[in-house]
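Peer 1: The structure file coords.pdb (PDB, C-alpha atoms) is provided below.
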ATOM      1  CA  ALA N   1      86.293 116.717 126.452
ATOM      2  CA  ALA N   2      89.256 114.956 124.821
ATOM      3  CA  GLY N   3      91.717 116.961 126.876
ATOM      4  CA  ALA N   4      93.346 118.511 123.815
ATOM      5  CA  LYS N   5      94.900 121.925 124.201
ATOM      6  CA  VAL N   6      93.880 124.182 121.316
ATOM      7  CA  ASP N   7      95.451 127.581 120.758
ATOM      8  CA  VAL N   8      93.517 129.782 118.309
ATOM      9  CA  ARG N   9      95.220 132.984 117.177
ATOM     10  CA  PRO N  10      94.058 135.734 114.867
ATOM     11  CA  GLY N  11      96.510 136.603 112.146
ATOM     12  CA  SER N  12      97.416 135.935 108.558
ATOM     13  CA  SER N  13     100.086 134.227 106.525
ATOM     14  CA  GLU N  14     101.946 137.548 106.446
ATOM     15  CA  THR N  15     102.049 137.849 110.254
ATOM     16  CA  LEU N  16     103.017 134.223 110.890
ATOM     17  CA  ALA N  17     106.334 134.239 112.770
ATOM     18  CA  PRO N  18     108.376 132.148 115.229
ATOM     19  CA  ASP N  19     107.294 134.380 118.138
ATOM     20  CA  TRP N  20     103.852 132.750 117.841
ATOM     21  CA  GLY N  21     105.372 129.619 119.359
ATOM     22  CA  ARG N  22     105.768 126.035 118.178
ATOM     23  CA  PHE N  23     102.835 123.964 116.982
ATOM     24  CA  ARG N  24     102.250 120.281 116.418
ATOM     25  CA  ALA N  25      99.470 120.893 113.871
ATOM     26  CA  VAL N  26      98.363 123.799 111.716
ATOM     27  CA  THR N  27      94.983 123.569 109.991
ATOM     28  CA  MET N  28      93.615 125.557 107.070
ATOM     29  CA  GLY N  29      90.137 125.348 105.646
ATOM     30  CA  ARG N  30      89.784 126.540 102.049
ATOM     31  CA  SER N  31      92.246 129.379 102.570
ATOM     32  CA  PHE N  32      95.636 128.230 101.275
ATOM     33  CA  HIS N  33      94.863 129.380  97.711
ATOM     34  CA  TRP N  34      94.649 132.992  98.958
ATOM     35  CA  MET N  35      98.199 132.946 100.294
ATOM     36  CA  ASP N  36     101.645 133.211  98.829
ATOM     37  CA  ARG N  37     101.826 129.468  99.305
ATOM     38  CA  ALA N  38     105.606 129.016  99.029
ATOM     39  CA  GLU N  39     106.276 131.851 101.489
ATOM     40  CA  THR N  40     103.611 130.589 103.895
ATOM     41  CA  LEU N  41     105.176 127.115 103.876
ATOM     42  CA  ARG N  42     108.595 128.637 104.517
ATOM     43  CA  ARG N  43     107.173 130.521 107.524
ATOM     44  CA  LEU N  44     105.359 127.420 108.764
ATOM     45  CA  ASP N  45     108.612 125.479 108.637
ATOM     46  CA  ALA N  46     109.836 127.787 111.424
ATOM     47  CA  VAL N  47     106.835 127.245 113.718
ATOM     48  CA  VAL N  48     105.703 123.648 113.142
ATOM     49  CA  MET N  49     107.444 121.097 115.370
ATOM     50  CA  PRO N  50     109.692 118.561 113.607
ATOM     51  CA  ASP N  51     107.080 115.806 114.070
ATOM     52  CA  GLY N  52     104.184 118.174 113.297
ATOM     53  CA  ALA N  53     101.863 118.387 110.324
ATOM     54  CA  LEU N  54      99.841 120.736 108.168
ATOM     55  CA  LEU N  55      96.205 119.863 107.464
ATOM     56  CA  LEU N  56      94.497 121.516 104.489
ATOM     57  CA  PHE N  57      90.745 120.910 104.329
ATOM     58  CA  ASN N  58      88.446 121.180 101.316
ATOM     59  CA  ASP N  59      84.932 120.099 100.429
ATOM     60  CA  GLU N  60      83.240 119.312  97.127
ATOM     61  CA  LEU N  61      79.829 118.064  96.096
ATOM     62  CA  ALA N  62      79.921 114.286  95.772
ATOM     63  CA  ASP N  63      78.898 112.984  92.360
ATOM     64  CA  THR N  64      75.701 111.314  93.501
ATOM     65  CA  PRO N  65      72.009 111.560  92.497
ATOM     66  CA  GLU N  66      71.145 112.845  95.983
ATOM     67  CA  ASN N  67      72.940 116.111  95.131
ATOM     68  CA  ALA N  68      70.543 117.177  92.343
ATOM     69  CA  ALA N  69      69.541 120.332  94.266
ATOM     70  CA  LEU N  70      73.154 121.195  95.042
ATOM     71  CA  ARG N  71      74.172 120.694  91.406
ATOM     72  CA  ALA N  72      71.413 123.144  90.398
ATOM     73  CA  TRP N  73      72.683 125.569  93.065
ATOM     74  CA  SER N  74      76.264 125.117  91.861
ATOM     75  CA  ALA N  75      75.331 125.889  88.245
ATOM     76  CA  VAL N  76      73.911 129.269  89.292
ATOM     77  CA  VAL N  77      76.903 130.029  91.525
ATOM     78  CA  GLU N  78      79.335 129.117  88.717
ATOM     79  CA  ARG N  79      77.534 131.432  86.309
ATOM     80  CA  TYR N  80      77.831 134.362  88.740
ATOM     81  CA  SER N  81      81.474 133.484  89.435
ATOM     82  CA  VAL N  82      82.514 134.020  85.832
ATOM     83  CA  GLY N  83      85.066 136.771  85.603
ATOM     84  CA  ASP N  84      86.357 136.456  89.155
ATOM     85  CA  ARG N  85      90.116 136.737  88.640
ATOM     86  CA  VAL N  86      91.206 134.508  91.528
ATOM     87  CA  ARG N  87      88.670 131.799  90.691
ATOM     88  CA  MET N  88      89.693 131.831  87.019
ATOM     89  CA  GLN N  89      93.344 131.567  88.040
ATOM     90  CA  ARG N  90      92.639 128.544  90.295
ATOM     91  CA  LYS N  91      90.690 126.778  87.541
ATOM     92  CA  SER N  92      93.282 127.441  84.827
ATOM     93  CA  PRO N  93      95.567 124.647  83.564
ATOM     94  CA  GLU N  94      98.578 126.644  84.809
ATOM     95  CA  TRP N  95      97.406 126.548  88.451
ATOM     96  CA  GLN N  96      99.650 124.331  90.554
ATOM     97  CA  HIS N  97      97.525 122.235  92.875
ATOM     98  CA  HIS N  98      98.250 122.326  96.601
ATOM     99  CA  GLU N  99      99.801 118.851  96.509
ATOM    100  CA  GLY N 100     102.466 120.062  94.080
ATOM    101  CA  VAL N 101     103.251 123.159  96.138
ATOM    102  CA  LEU N 102     103.499 121.060  99.304
ATOM    103  CA  ARG N 103     105.816 118.535  97.630
ATOM    104  CA  GLU N 104     108.212 121.400  96.804
ATOM    105  CA  SER N 105     108.366 122.466 100.471
ATOM    106  CA  ALA N 106     109.749 121.104 103.719
ATOM    107  CA  PHE N 107     106.320 119.419 104.135
ATOM    108  CA  ARG N 108     106.688 117.181 101.084
ATOM    109  CA  ASP N 109     105.365 113.959 102.625
ATOM    110  CA  VAL N 110     101.713 114.385 101.562
ATOM    111  CA  GLU N 111      98.790 112.079 102.287
ATOM    112  CA  GLN N 112      95.203 112.656 101.167
ATOM    113  CA  LEU N 113      92.233 111.458 103.203
ATOM    114  CA  THR N 114      88.676 111.623 101.889
ATOM    115  CA  PHE N 115      85.298 110.861 103.416
ATOM    116  CA  LEU N 116      81.618 111.443 102.608
ATOM    117  CA  ASP N 117      79.238 113.330 104.866
ATOM    118  CA  ARG N 118      75.518 112.860 104.236
ATOM    119  CA  GLY N 119      73.136 115.436 105.632
ATOM    120  CA  THR N 120      70.544 118.028 104.763
ATOM    121  CA  THR N 121      70.457 121.748 104.132
ATOM    122  CA  THR N 122      67.947 124.451 103.223
ATOM    123  CA  PRO N 123      67.686 126.965 100.383
ATOM    124  CA  GLU N 124      68.512 129.798 102.816
ATOM    125  CA  LEU N 125      71.648 128.060 104.063
ATOM    126  CA  LEU N 126      72.720 127.510 100.456
ATOM    127  CA  LEU N 127      72.119 131.199  99.736
ATOM    128  CA  HIS N 128      74.321 132.098 102.717
ATOM    129  CA  ARG N 129      76.962 129.646 101.478
ATOM    130  CA  ALA N 130      77.001 131.376  98.077
ATOM    131  CA  LEU N 131      77.297 134.792  99.720
ATOM    132  CA  SER N 132      80.237 133.570 101.832
ATOM    133  CA  MET N 133      82.276 132.795  98.715
ATOM    134  CA  SER N 134      84.539 135.560  97.450
ATOM    135  CA  ALA N 135      83.428 135.095  93.817
ATOM    136  CA  THR N 136      79.740 135.520  94.695
ATOM    137  CA  SER N 137      79.967 137.858  97.670
ATOM    138  CA  GLU N 138      77.913 141.011  97.967
ATOM    139  CA  SER N 139      81.082 143.095  97.733
ATOM    140  CA  ARG N 140      81.946 141.538  94.366
ATOM    141  CA  LEU N 141      78.468 141.314  92.836
ATOM    142  CA  GLY N 142      77.024 144.562  94.199
ATOM    143  CA  ALA N 143      73.395 144.984  93.133
ATOM    144  CA  GLY N 144      73.647 141.714  91.171
ATOM    145  CA  VAL N 145      73.575 139.819  94.456
ATOM    146  CA  GLU N 146      69.780 140.217  94.650
ATOM    147  CA  THR N 147      69.400 138.800  91.147
ATOM    148  CA  MET N 148      71.570 135.825  92.051
ATOM    149  CA  ALA N 149      69.622 135.290  95.298
ATOM    150  CA  GLY N 150      66.343 135.273  93.359
ATOM    151  CA  GLU N 151      67.715 132.759  90.860
ATOM    152  CA  LEU N 152      68.994 130.523  93.638
ATOM    153  CA  ARG N 153      65.643 130.566  95.431
ATOM    154  CA  ALA N 154      63.807 129.812  92.173
ATOM    155  CA  VAL N 155      66.076 126.929  91.149
ATOM    156  CA  LEU N 156      65.922 125.371  94.636
ATOM    157  CA  ALA N 157      62.168 125.777  95.211
ATOM    158  CA  PRO N 158      61.106 122.578  93.383
ATOM    159  CA  PHE N 159      63.592 120.531  95.407
ATOM    160  CA  ALA N 160      62.582 122.149  98.713
ATOM    161  CA  ALA N 161      58.873 121.434  98.249
ATOM    162  CA  ALA N 162      59.375 118.010  99.832
ATOM    163  CA  GLY N 163      61.364 119.337 102.817
ATOM    164  CA  PRO N 164      65.055 119.696 103.608
ATOM    165  CA  LEU N 165      67.482 119.256 100.738
ATOM    166  CA  ALA N 166      69.783 116.244 100.730
ATOM    167  CA  GLN N 167      73.481 116.971 100.503
ATOM    168  CA  VAL N 168      76.435 114.639 100.196
ATOM    169  CA  ILE N 169      79.727 116.409 100.720
ATOM    170  CA  GLU N 170      83.092 114.862  99.919
ATOM    171  CA  TRP N 171      85.577 116.141 102.491
ATOM    172  CA  THR N 172      89.269 115.992 101.688
ATOM    173  CA  VAL N 173      92.211 116.710 103.952
ATOM    174  CA  LEU N 174      95.786 116.937 102.765
ATOM    175  CA  VAL N 175      98.097 115.951 105.606
ATOM    176  CA  ALA N 176     101.593 117.257 104.922
ATOM    177  CA  ARG N 177     104.618 116.378 107.025
ATOM    178  CA  ARG N 178     108.346 116.656 106.763
ATOM    179  CA  PRO N 179     109.928 113.421 105.474
ATOM    180  CA  ARG N 180     110.784 111.053 108.290
ATOM    181  CA  SER N 181     114.495 110.511 108.685
ATOM    182  CA  GLY N 182     116.118 107.198 109.484
TER     183      GLY N 182
END
Show the structure stored in the file as structure tokens.

Peer 2:
Amino acid sequence: AAGAKVDVRPGSSETLAPDWGRFRAVTMGRSFHWMDRAETLRRLDAVVMPDGALLLFNDELADTPENAALRAWSAVVERYSVGDRVRMQRKSPEWQHHEGVLRESAFRDVEQLTFLDRGTTTPELLLHRALSMSATSESRLGAGVETMAGELRAVLAPFAAAGPLAQVIEWTVLVARRPRSG
């Protein structure tokens, strides 16, 4: 409706190459941590237009009383995430945050935008959200996924008795550009 031309291509950071074309914006939603970030930024430097930008999206639970059900959900998910190598690496003090990696690249002009989104969810949607995470996926947990699902349903049941669960999500986008010259 806005008249924007959007080109969606399947691929990965390893297949990213100049023959894909030139882009004004490249977006990533909770995926950058899976990549060789420095190499991906080097490859993006070859395909993003000089005045273009990278947009890295993330979401977190807002620290608000309305998120009591989601905090209970998160506590269960965190417990089942223990031992996931990638998650432990990202939460370690040695992990370099995306902002730092971006500032060491061609896209070192970094701006962070944040906004709150208030809405509702259901216990089943929260179960699906947990299963979509690599640390609590069926492939990682195996038979333990049913135990986690039961715990999630039990911890959310008291909150769901009154209807849909409130959720307040804090969305963050890192907008990274090349420094402006002149």

Peer 1: Hey, what comes out of the PyMOL selection byres ((chain N and resi 124) around 12) on this file? Could you write it as a list in words?

Peer 2: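 In the shown coordinates, the PyMOL selection byres ((chain N and resi 124) around 12) covers Trp73, Thr121, Thr122, Pro123, Leu125, Leu126, Leu127, His128, Arg129, Ala130, Leu131, Ala149, Gly150, Leu152, Arg153, Ala154, Leu156, Ala157, Ala160, Pro164 and Leu165 of chain N.
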
Peer 1: For stretch 84-92 of chain N, work out the shell of residues within 10 Å, counting all atoms listed in the file and skipping chain neighbours fewer than 5 positions away, then give it as a list in words.

Peer 2: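 Listing them by chain and then by number gives His33, Trp34, Glu78, His97, Ser134, Ala135, Thr136, Arg140 and Leu141 of chain N.
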
Peer 1: Taking into account only C-alpha atoms, which residue in the set N:Val101, N:Ala166, N:Leu116, N:Val8 is nearest to N:Ala62?

Peer 2: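 Counting only C-alpha atoms, the residue closest to N:Ala62 is N:Leu116.
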
Peer 1: Let me make sure I understand: among N:Thr114, N:Tyr80, N:Leu102, N:Glu66, which one has the smallest atom-to-atom distance to N:Glu146 if we use only C-alpha atoms?

Peer 2: N:Tyr80

Peer 1: Pick from N:Ser74, N:Arg108, N:Val155, N:Val175: nearest to N:Glu60, with all atoms listed in the file counted?

Peer 2: N:Ser74

Peer 1: From the options N:Leu113, N:Val47, N:Val6, N:Ala69, which residue's atoms come nearest to N:Ala162, counting all atoms listed in the file?

Peer 2: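 Among the listed residues, N:Ala69 lies closest to N:Ala162.
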
Peer 1: Nearest to N:Val110 among N:Arg24, N:Arg37, N:Lys5, N:Arg178, with distances taken over all atoms listed in the file: which residue is it?

Peer 2: N:Arg178

Peer 1: May I ask which of the residues N:Arg103, N:Arg79, N:Arg180, N:Arg43 is the closest one to N:Thr147, counting all atoms listed in the file?

Peer 2: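 Result for the nearest residue to N:Thr147: N:Arg79.
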
Peer 1: Put a box with edges along x, y and z around all the listed atoms of stretch 101-108 of chain N, pad it by 8 Å on each side, then give me its centre and sizes in Å, one decimal, as lines of an AutoDock Vina configuration file.

Peer 2:
center_x = 106.5
center_y = 120.2
center_z = 100.1
size_x = 22.5
size_y = 22.0
size_z = 24.0

Peer 1: At what distance in Å, to one decimal, does atom CA of N:Phe159 lie from atom CA of N:Ser81?

Peer 2: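 Between atom CA of N:Ser81 and atom CA of N:Phe159 the gap is 22.9 Å.
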